[in-house]
$ cat work_26.cif   # mmCIF, C-alpha atoms
data_model
#
loop_
_atom_site.group_PDB
_atom_site.id
_atom_site.type_symbol
_atom_site.label_atom_id
_atom_site.label_comp_id
_atom_site.auth_asym_id
_atom_site.auth_seq_id
_atom_site.Cartn_x
_atom_site.Cartn_y
_atom_site.Cartn_z
ATOM 1 C CA MET A 1 82.246 32.912 183.204
ATOM 2 C CA ALA A 2 83.182 30.315 185.734
ATOM 3 C CA GLY A 3 81.161 27.653 183.938
ATOM 4 C CA GLN A 4 82.479 28.251 180.468
ATOM 5 C CA GLY A 5 86.093 28.645 181.559
ATOM 6 C CA ARG A 6 86.175 25.516 183.599
ATOM 7 C CA LYS A 7 84.503 23.483 180.901
ATOM 8 C CA SER A 8 86.910 24.235 178.113
ATOM 9 C CA SER A 9 89.794 23.851 180.493
ATOM 10 C CA LEU A 10 88.656 20.309 181.312
ATOM 11 C CA LYS A 11 88.902 19.340 177.650
ATOM 12 C CA GLU A 12 92.284 20.978 177.465
ATOM 13 C CA GLN A 13 93.396 19.057 180.499
ATOM 14 C CA ILE A 14 92.230 15.792 178.988
ATOM 15 C CA ASP A 15 94.119 16.503 175.785
ATOM 16 C CA GLU A 16 97.177 17.612 177.702
ATOM 17 C CA ASN A 17 97.129 14.337 179.641
ATOM 18 C CA LEU A 18 96.612 12.343 176.443
ATOM 19 C CA ARG A 19 99.651 13.967 174.895
ATOM 20 C CA ARG A 20 101.616 13.131 178.007
ATOM 21 C CA VAL A 21 100.536 9.468 177.895
ATOM 22 C CA TYR A 22 101.683 9.285 174.285
ATOM 23 C CA GLN A 23 104.823 11.320 174.844
ATOM 24 C CA ASP A 24 105.890 9.148 177.775
ATOM 25 C CA ALA A 25 105.552 6.058 175.597
ATOM 26 C CA LEU A 26 107.367 7.767 172.762
ATOM 27 C CA GLU A 27 110.333 8.553 174.943
ATOM 28 C CA GLN A 28 110.892 4.967 176.005
ATOM 29 C CA GLU A 29 113.906 3.324 174.512
ATOM 30 C CA VAL A 30 113.143 1.301 171.386
ATOM 31 C CA PRO A 31 113.983 -2.332 172.141
ATOM 32 C CA GLU A 32 117.085 -3.660 170.392
ATOM 33 C CA ARG A 33 115.079 -6.522 168.906
ATOM 34 C CA PHE A 34 113.393 -4.222 166.425
ATOM 35 C CA LYS A 35 116.623 -2.866 165.077
ATOM 36 C CA GLN A 36 117.933 -6.421 164.822
ATOM 37 C CA LEU A 37 114.785 -7.500 163.053
ATOM 38 C CA LEU A 38 115.191 -4.755 160.458
ATOM 39 C CA GLU A 39 118.810 -5.772 160.060
ATOM 40 C CA GLN A 40 117.761 -9.389 159.419
ATOM 41 C CA LEU A 41 115.086 -8.404 156.944
ATOM 42 C CA ARG A 42 117.617 -6.300 155.128
ATOM 43 C CA LYS A 43 120.104 -9.185 154.923
ATOM 44 C CA GLY A 44 117.426 -11.602 153.767
ATOM 45 C CA ARG A 45 116.505 -9.231 151.022
ATOM 46 C CA LYS A 46 120.058 -8.825 149.808
ATOM 47 C CA GLU A 47 120.531 -12.565 149.691
ATOM 48 C CA SER A 48 117.406 -13.103 147.669
ATOM 49 C CA ASP A 49 118.444 -10.318 145.331
ATOM 50 C CA GLN A 50 121.790 -11.809 144.520
ATOM 51 C CA MET B 1 127.027 -0.731 153.822
ATOM 52 C CA SER B 2 124.783 0.369 151.033
ATOM 53 C CA ALA B 3 126.392 1.129 147.757
ATOM 54 C CA ALA B 4 123.339 2.981 146.495
ATOM 55 C CA SER B 5 124.018 6.469 145.299
ATOM 56 C CA ASP B 6 122.987 9.389 147.469
ATOM 57 C CA ALA B 7 121.101 10.942 144.629
ATOM 58 C CA ALA B 8 118.609 8.082 144.322
ATOM 59 C CA PRO B 9 115.156 8.669 145.812
ATOM 60 C CA ARG B 10 115.088 7.556 149.355
ATOM 61 C CA ASP B 11 114.361 3.879 149.868
ATOM 62 C CA PRO B 12 111.308 3.660 152.153
ATOM 63 C CA ARG B 13 113.100 0.828 153.914
ATOM 64 C CA ASP B 14 115.578 3.338 155.212
ATOM 65 C CA GLU B 15 112.766 5.366 156.671
ATOM 66 C CA LEU B 16 111.329 2.541 158.786
ATOM 67 C CA PRO B 17 113.682 2.915 161.769
ATOM 68 C CA GLU B 18 112.518 6.492 162.278
ATOM 69 C CA HIS B 19 109.005 5.289 162.992
ATOM 70 C CA LEU B 20 109.809 2.566 165.499
ATOM 71 C CA ALA B 21 109.364 4.739 168.590
ATOM 72 C CA ALA B 22 106.015 6.070 167.355
ATOM 73 C CA LEU B 23 104.830 2.582 166.399
ATOM 74 C CA ARG B 24 105.679 1.330 169.825
ATOM 75 C CA ALA B 25 103.978 4.281 171.519
ATOM 76 C CA PHE B 26 100.829 3.630 169.490
ATOM 77 C CA ALA B 27 101.025 -0.100 170.255
ATOM 78 C CA LEU B 28 101.347 0.661 173.967
ATOM 79 C CA SER B 29 98.351 2.962 173.754
ATOM 80 C CA LEU B 30 96.263 0.194 172.212
ATOM 81 C CA THR B 31 97.424 -2.727 174.337
ATOM 82 C CA ARG B 32 98.512 -1.061 177.583
ATOM 83 C CA ASN B 33 100.915 -3.953 177.950
ATOM 84 C CA GLY B 34 104.606 -3.863 177.073
ATOM 85 C CA ALA B 35 105.010 -7.477 175.939
ATOM 86 C CA THR B 36 101.882 -7.443 173.794
ATOM 87 C CA ALA B 37 102.873 -4.083 172.357
ATOM 88 C CA ASP B 38 106.268 -5.441 171.355
ATOM 89 C CA ASP B 39 104.728 -8.468 169.644
ATOM 90 C CA LEU B 40 102.426 -6.140 167.798
ATOM 91 C CA VAL B 41 105.271 -3.910 166.646
ATOM 92 C CA GLN B 42 107.232 -6.965 165.527
ATOM 93 C CA ASP B 43 104.323 -8.245 163.402
ATOM 94 C CA THR B 44 103.814 -4.769 162.006
ATOM 95 C CA ILE B 45 107.432 -4.437 160.925
ATOM 96 C CA VAL B 46 107.379 -7.785 159.143
ATOM 97 C CA LYS B 47 104.090 -7.008 157.401
ATOM 98 C CA ALA B 48 105.254 -3.558 156.415
ATOM 99 C CA TRP B 49 108.500 -4.929 155.052
ATOM 100 C CA THR B 50 106.842 -7.569 152.930
ATOM 101 C CA ASN B 51 104.229 -5.123 151.622
ATOM 102 C CA LEU B 52 106.492 -2.196 151.051
ATOM 103 C CA ASP B 53 105.873 -2.327 147.325
ATOM 104 C CA LYS B 54 102.307 -1.268 148.148
ATOM 105 C CA PHE B 55 103.491 1.829 149.930
ATOM 106 C CA GLU B 56 103.154 4.887 147.775
ATOM 107 C CA PRO B 57 106.439 6.775 147.926
ATOM 108 C CA GLY B 58 105.996 10.310 149.126
ATOM 109 C CA SER B 59 102.810 9.560 151.055
ATOM 110 C CA ASN B 60 102.649 9.539 154.829
ATOM 111 C CA MET B 61 104.601 6.504 155.959
ATOM 112 C CA ARG B 62 103.705 6.907 159.596
ATOM 113 C CA ALA B 63 100.001 6.807 158.776
ATOM 114 C CA TRP B 64 100.567 3.768 156.590
ATOM 115 C CA LEU B 65 102.450 1.957 159.372
ATOM 116 C CA PHE B 66 99.888 2.919 162.006
ATOM 117 C CA THR B 67 97.168 1.486 159.770
ATOM 118 C CA ILE B 68 98.994 -1.834 159.522
ATOM 119 C CA LEU B 69 99.550 -1.838 163.259
ATOM 120 C CA ARG B 70 95.937 -1.159 164.225
ATOM 121 C CA ASN B 71 94.598 -3.686 161.700
ATOM 122 C CA THR B 72 97.024 -6.259 163.082
ATOM 123 C CA PHE B 73 95.953 -5.401 166.590
ATOM 124 C CA TYR B 74 92.257 -5.881 165.906
ATOM 125 C CA SER B 75 92.725 -9.161 164.075
ATOM 126 C CA MET B 76 95.018 -10.363 166.870
ATOM 127 C CA LYS B 77 92.343 -9.438 169.336
ATOM 128 C CA ARG B 78 89.659 -11.249 167.385
ATOM 129 C CA LYS B 79 91.748 -14.381 167.121
ATOM 130 C CA THR B 80 93.047 -14.658 170.635
ATOM 131 C CA ARG B 81 90.233 -12.942 172.433
ATOM 132 C CA ARG B 82 92.974 -11.807 174.702
ATOM 133 C CA GLU B 83 90.882 -8.989 175.913
ATOM 134 C CA VAL B 84 91.362 -8.439 179.584
ATOM 135 C CA ALA B 85 88.202 -8.822 181.547
ATOM 136 C CA ASP B 86 86.578 -5.461 181.740
ATOM 137 C CA PRO B 87 87.152 -4.258 185.249
ATOM 138 C CA GLU B 88 84.148 -2.022 185.008
ATOM 139 C CA GLY B 89 82.253 -1.998 188.211
ATOM 140 C CA VAL B 90 85.194 -3.138 190.270
ATOM 141 C CA HIS B 91 86.670 0.296 190.237
ATOM 142 C CA ALA B 92 83.639 2.258 189.336
ATOM 143 C CA ALA B 93 82.637 2.955 192.882
ATOM 144 C CA GLY B 94 84.780 5.650 194.255
ATOM 145 C CA LEU B 95 88.294 4.577 193.450
ATOM 146 C CA TYR B 96 88.942 7.749 191.574
ATOM 147 C CA ASP B 97 89.071 10.926 193.508
ATOM 148 C CA LYS B 98 87.454 13.972 192.178
ATOM 149 C CA PRO B 99 89.969 16.479 190.907
ATOM 150 C CA ALA B 100 91.785 18.335 193.618
ATOM 151 C CA HIS B 101 90.491 21.729 194.637
ATOM 152 C CA ASP B 102 92.468 23.476 191.979
ATOM 153 C CA GLY B 103 90.591 21.402 189.391
ATOM 154 C CA ARG B 104 93.696 19.773 187.936
ATOM 155 C CA LEU B 105 93.498 16.134 186.987
ATOM 156 C CA ALA B 106 96.117 13.976 188.645
ATOM 157 C CA PHE B 107 98.117 12.130 185.999
ATOM 158 C CA GLY B 108 97.941 8.837 187.907
ATOM 159 C CA ASP B 109 94.163 9.019 188.012
ATOM 160 C CA PHE B 110 94.144 9.912 184.362
ATOM 161 C CA THR B 111 96.227 6.944 183.229
ATOM 162 C CA ALA B 112 94.178 4.581 185.398
ATOM 163 C CA ALA B 113 91.029 5.831 183.694
ATOM 164 C CA PHE B 114 92.663 5.718 180.276
ATOM 165 C CA ASP B 115 93.608 2.061 180.864
ATOM 166 C CA ARG B 116 89.997 1.231 181.418
ATOM 167 C CA LEU B 117 88.711 2.669 178.172
ATOM 168 C CA SER B 118 87.961 0.292 175.338
ATOM 169 C CA ALA B 119 90.760 -0.121 172.808
ATOM 170 C CA GLU B 120 88.607 1.701 170.238
ATOM 171 C CA HIS B 121 88.316 4.688 172.530
ATOM 172 C CA ARG B 122 92.008 4.719 173.375
ATOM 173 C CA GLU B 123 92.804 4.478 169.697
ATOM 174 C CA VAL B 124 90.717 7.430 168.610
ATOM 175 C CA LEU B 125 91.903 9.628 171.467
ATOM 176 C CA ILE B 126 95.554 8.908 170.813
ATOM 177 C CA LEU B 127 95.225 9.393 167.070
ATOM 178 C CA VAL B 128 93.378 12.695 167.148
ATOM 179 C CA GLY B 129 94.210 13.951 170.604
ATOM 180 C CA ALA B 130 97.847 13.101 171.078
ATOM 181 C CA SER B 131 99.744 11.959 168.039
ATOM 182 C CA GLY B 132 98.815 14.891 165.852
ATOM 183 C CA PHE B 133 96.810 13.243 163.075
ATOM 184 C CA SER B 134 93.878 15.100 161.588
ATOM 185 C CA TYR B 135 90.345 13.737 161.760
ATOM 186 C CA GLU B 136 90.622 12.975 158.054
ATOM 187 C CA GLU B 137 93.829 11.007 158.470
ATOM 188 C CA ALA B 138 92.429 9.161 161.462
ATOM 189 C CA ALA B 139 89.279 8.327 159.488
ATOM 190 C CA GLU B 140 91.361 6.847 156.721
ATOM 191 C CA MET B 141 93.468 4.817 159.130
ATOM 192 C CA MET B 142 90.439 3.550 161.005
ATOM 193 C CA GLY B 143 88.473 2.866 157.832
ATOM 194 C CA VAL B 144 85.467 4.904 158.932
ATOM 195 C CA ALA B 145 83.847 8.234 158.055
ATOM 196 C CA VAL B 146 85.193 11.476 159.481
ATOM 197 C CA GLY B 147 81.931 12.019 161.354
ATOM 198 C CA THR B 148 82.367 8.641 163.022
ATOM 199 C CA VAL B 149 85.826 9.622 164.199
ATOM 200 C CA LYS B 150 84.456 12.827 165.691
ATOM 201 C CA SER B 151 81.556 11.204 167.480
ATOM 202 C CA ARG B 152 83.733 8.347 168.701
ATOM 203 C CA ALA B 153 86.271 10.833 170.044
ATOM 204 C CA ASN B 154 83.509 12.724 171.822
ATOM 205 C CA ARG B 155 82.139 9.576 173.382
ATOM 206 C CA ALA B 156 85.629 8.512 174.398
ATOM 207 C CA ARG B 157 86.301 11.849 176.098
ATOM 208 C CA ALA B 158 82.955 11.689 177.840
ATOM 209 C CA ARG B 159 83.657 8.153 179.025
ATOM 210 C CA LEU B 160 87.034 9.257 180.297
ATOM 211 C CA ALA B 161 85.457 12.113 182.211
ATOM 212 C CA GLU B 162 82.928 9.681 183.633
ATOM 213 C CA LEU B 163 85.670 7.301 184.758
ATOM 214 C CA LEU B 164 87.391 10.228 186.375
ATOM 215 C CA GLY B 165 84.258 10.949 188.340
ATOM 216 C CA LEU B 166 83.377 14.036 186.363
ATOM 217 C CA GLU B 167 79.771 13.196 185.724
ATOM 218 C CA GLN B 168 78.884 16.181 183.648
ATOM 219 C CA GLY B 169 81.586 15.144 181.241
ATOM 220 C CA GLU B 170 79.390 14.300 178.335
ATOM 221 C CA ASP B 171 77.895 17.779 178.175
ATOM 222 C CA ILE B 172 81.156 19.484 178.711
ATOM 223 C CA LEU B 173 82.928 17.701 175.964
ATOM 224 C CA ALA B 174 80.195 17.893 173.394
ATOM 225 C CA LYS B 175 80.192 21.639 173.910
ATOM 226 C CA ALA B 176 83.887 22.051 174.003
ATOM 227 C CA ASP B 177 84.103 20.329 170.661
ATOM 228 C CA GLY B 178 82.227 23.220 169.123
ATOM 229 C CA GLY B 179 79.277 21.082 168.127
ATOM 230 C CA THR B 180 76.074 22.814 169.055
ATOM 231 C CA LEU B 181 75.715 26.056 170.871
ATOM 232 C CA ALA B 182 72.118 25.200 171.532
ATOM 233 C CA VAL B 183 72.950 22.758 174.281
ATOM 234 C CA MET B 184 74.861 25.407 176.135
ATOM 235 C CA GLY B 185 71.480 26.477 177.303
ATOM 236 C CA ARG B 186 70.675 28.742 180.125
ATOM 237 C CA SER B 187 73.441 28.522 182.654
ATOM 238 C CA GLY B 188 76.507 28.271 180.521
ATOM 239 C CA MET B 189 77.018 31.409 178.591
ATOM 240 C CA GLN B 190 76.257 34.692 180.134
ATOM 241 C CA ALA B 191 77.693 37.735 178.545
ATOM 242 C CA ALA B 192 81.314 38.243 179.254
#
$ encode --input "work_26.cif" --output "structure tokens"
Amino acid sequence: MAGQGRKSSLKEQIDENLRRVYQDALEQEVPERFKQLLEQLRKGRKESDQ
Amino acid sequence: MSAASDAAPRDPRDELPEHLAALRAFALSLTRNGATADDLVQDTIVKAWTNLDKFEPGSNMRAWLFTILRNTFYSMKRKTRREVADPEGVHAAGLYDKPAHDGRLAFGDFTAAFDRLSAEHREVLILVGASGFSYEEAAEMMGVAVGTVKSRANRARARLAELLGLEQGEDILAKADGGTLAVMGRSGMQAA
């Protein structure tokens, strides 16, 4: 039982750590430049529309 | 700002901001470098914006954006060959401690090992292991067969275990993935 239990728990630990790596990155603040970029793209589009 | 009526179907452009954090997290997973990740996200946004007419409304926008991002990443990598010299061998000997006695992996050791995976391995692990995409979705994003995603994910996990000093990793992970019971062999599975 020791073998089997430890083995599946290693995979779980790897996946748990992977989720944490991703989650940590996800929780970082999104840099202002991206919102500004979207804003610019939006303006450019309106101008070309009109 | 927008004079569009509320009743109109949602403009996919309005949905883009909701995916910025995820795009950046995926970019960081691929590049492991904040400045490069930001450049990658920037390129992705511009490409997505100019190709938005090719986006099928109602389909998974995050998957669509991730596909643009990873394609941009790999072509960026091909062009600049900005790949960091593989530190393999430098760290391989003994930098990583075995897990503590309780068997838990230390997060610092984990991220150090994760950094040293190839981008392809980081990509597959983040897509199927962390960001909640199915194997099928990941296969579509990566432009490969589902079986390739599965075997790549297995190899990536095994490599990670190896980098963490868990030498029996390959076995462990192949089994844990539910592949073949046969390999469980003699020692693994006694009756409960």
$ atom_distance --input "work_26.cif" --atom1 "atom CA of B:Thr50" --atom2 "atom CA of A:Arg45"
10.0 Å
$ atom_distance --input "work_26.cif" --atom1 "atom CA of B:Leu20" --atom2 "atom CA of B:Leu52"
15.6 Å
$ atom_distance --input "work_26.cif" --atom1 "atom CA of A:Arg33" --atom2 "atom CA of B:Arg32"
19.5 Å
$ resolve_selection --input "work_26.cif" --expression "the PyMOL selection byres ((chain B and resi 109-115) around 8)" --output "PyMOL selection string"
(chain A and resi 17+21) or (chain B and resi 32+96-97+105-108+116-117+122+160+163-164)
$ closest_residue --input "work_26.cif" --among "B:Ser118, B:Gln42, B:Asn71, B:Thr31" --to "chain A" --atoms "all atoms listed in the file"
B:Gln42
$ residues_around --input "work_26.cif" --residues "B:Ser29" --least-positions-apart "2" --cutoff "10 Å" --atoms "only C-alpha atoms" --output "list in words"
Leu18, Val21, Tyr22 and Ala25 of chain A; Leu23, Arg24, Ala25, Phe26, Ala27, Thr31, Arg32, Asn33, Gly34, Ala37, Phe114, Asp115, Ala119, Arg122, Glu123, Leu125, Ile126 and Leu127 of chain B
$ residues_around --input "work_26.cif" --residues "A:Asp15" --least-positions-apart "5" --cutoff "9 Å" --atoms "only C-alpha atoms" --output "PyMOL selection string"
(chain A and resi 10+20) or (chain B and resi 125+129-130)
$ resolve_selection --input "work_26.cif" --expression "the PyMOL selection byres ((chain A and resi 38-43) around 10)" --output "ChimeraX atom specification"
/A:33-37,44-49 /B:13-14,16-17,42,45-46,49-50
$ closest_residue --input "work_26.cif" --among "B:Met141, B:Val146, B:Ala63, B:Val124" --to "chain A" --atoms "only C-alpha atoms"
B:Val124
$ resolve_selection --input "work_26.cif" --expression "the PyMOL selection byres ((chain B and resi 153) around 10)" --output "PyMOL selection string"
chain B and resi 120-129+135+147-152+154-159+173-174+177
$ axis_aligned_box --input "work_26.cif" --around "stretch 139-153 of chain B" --padding-each-side "8 Å" --output "lines of an AutoDock Vina configuration file"
center_x = 87.5
center_y = 7.8
center_z = 163.4
size_x = 27.9
size_y = 26.0
size_z = 29.3
$ closest_residue --input "work_26.cif" --among "B:Phe73, B:Arg10, B:Glu140, B:Thr80" --to "B:Asp39" --atoms "all atoms listed in the file"
B:Phe73
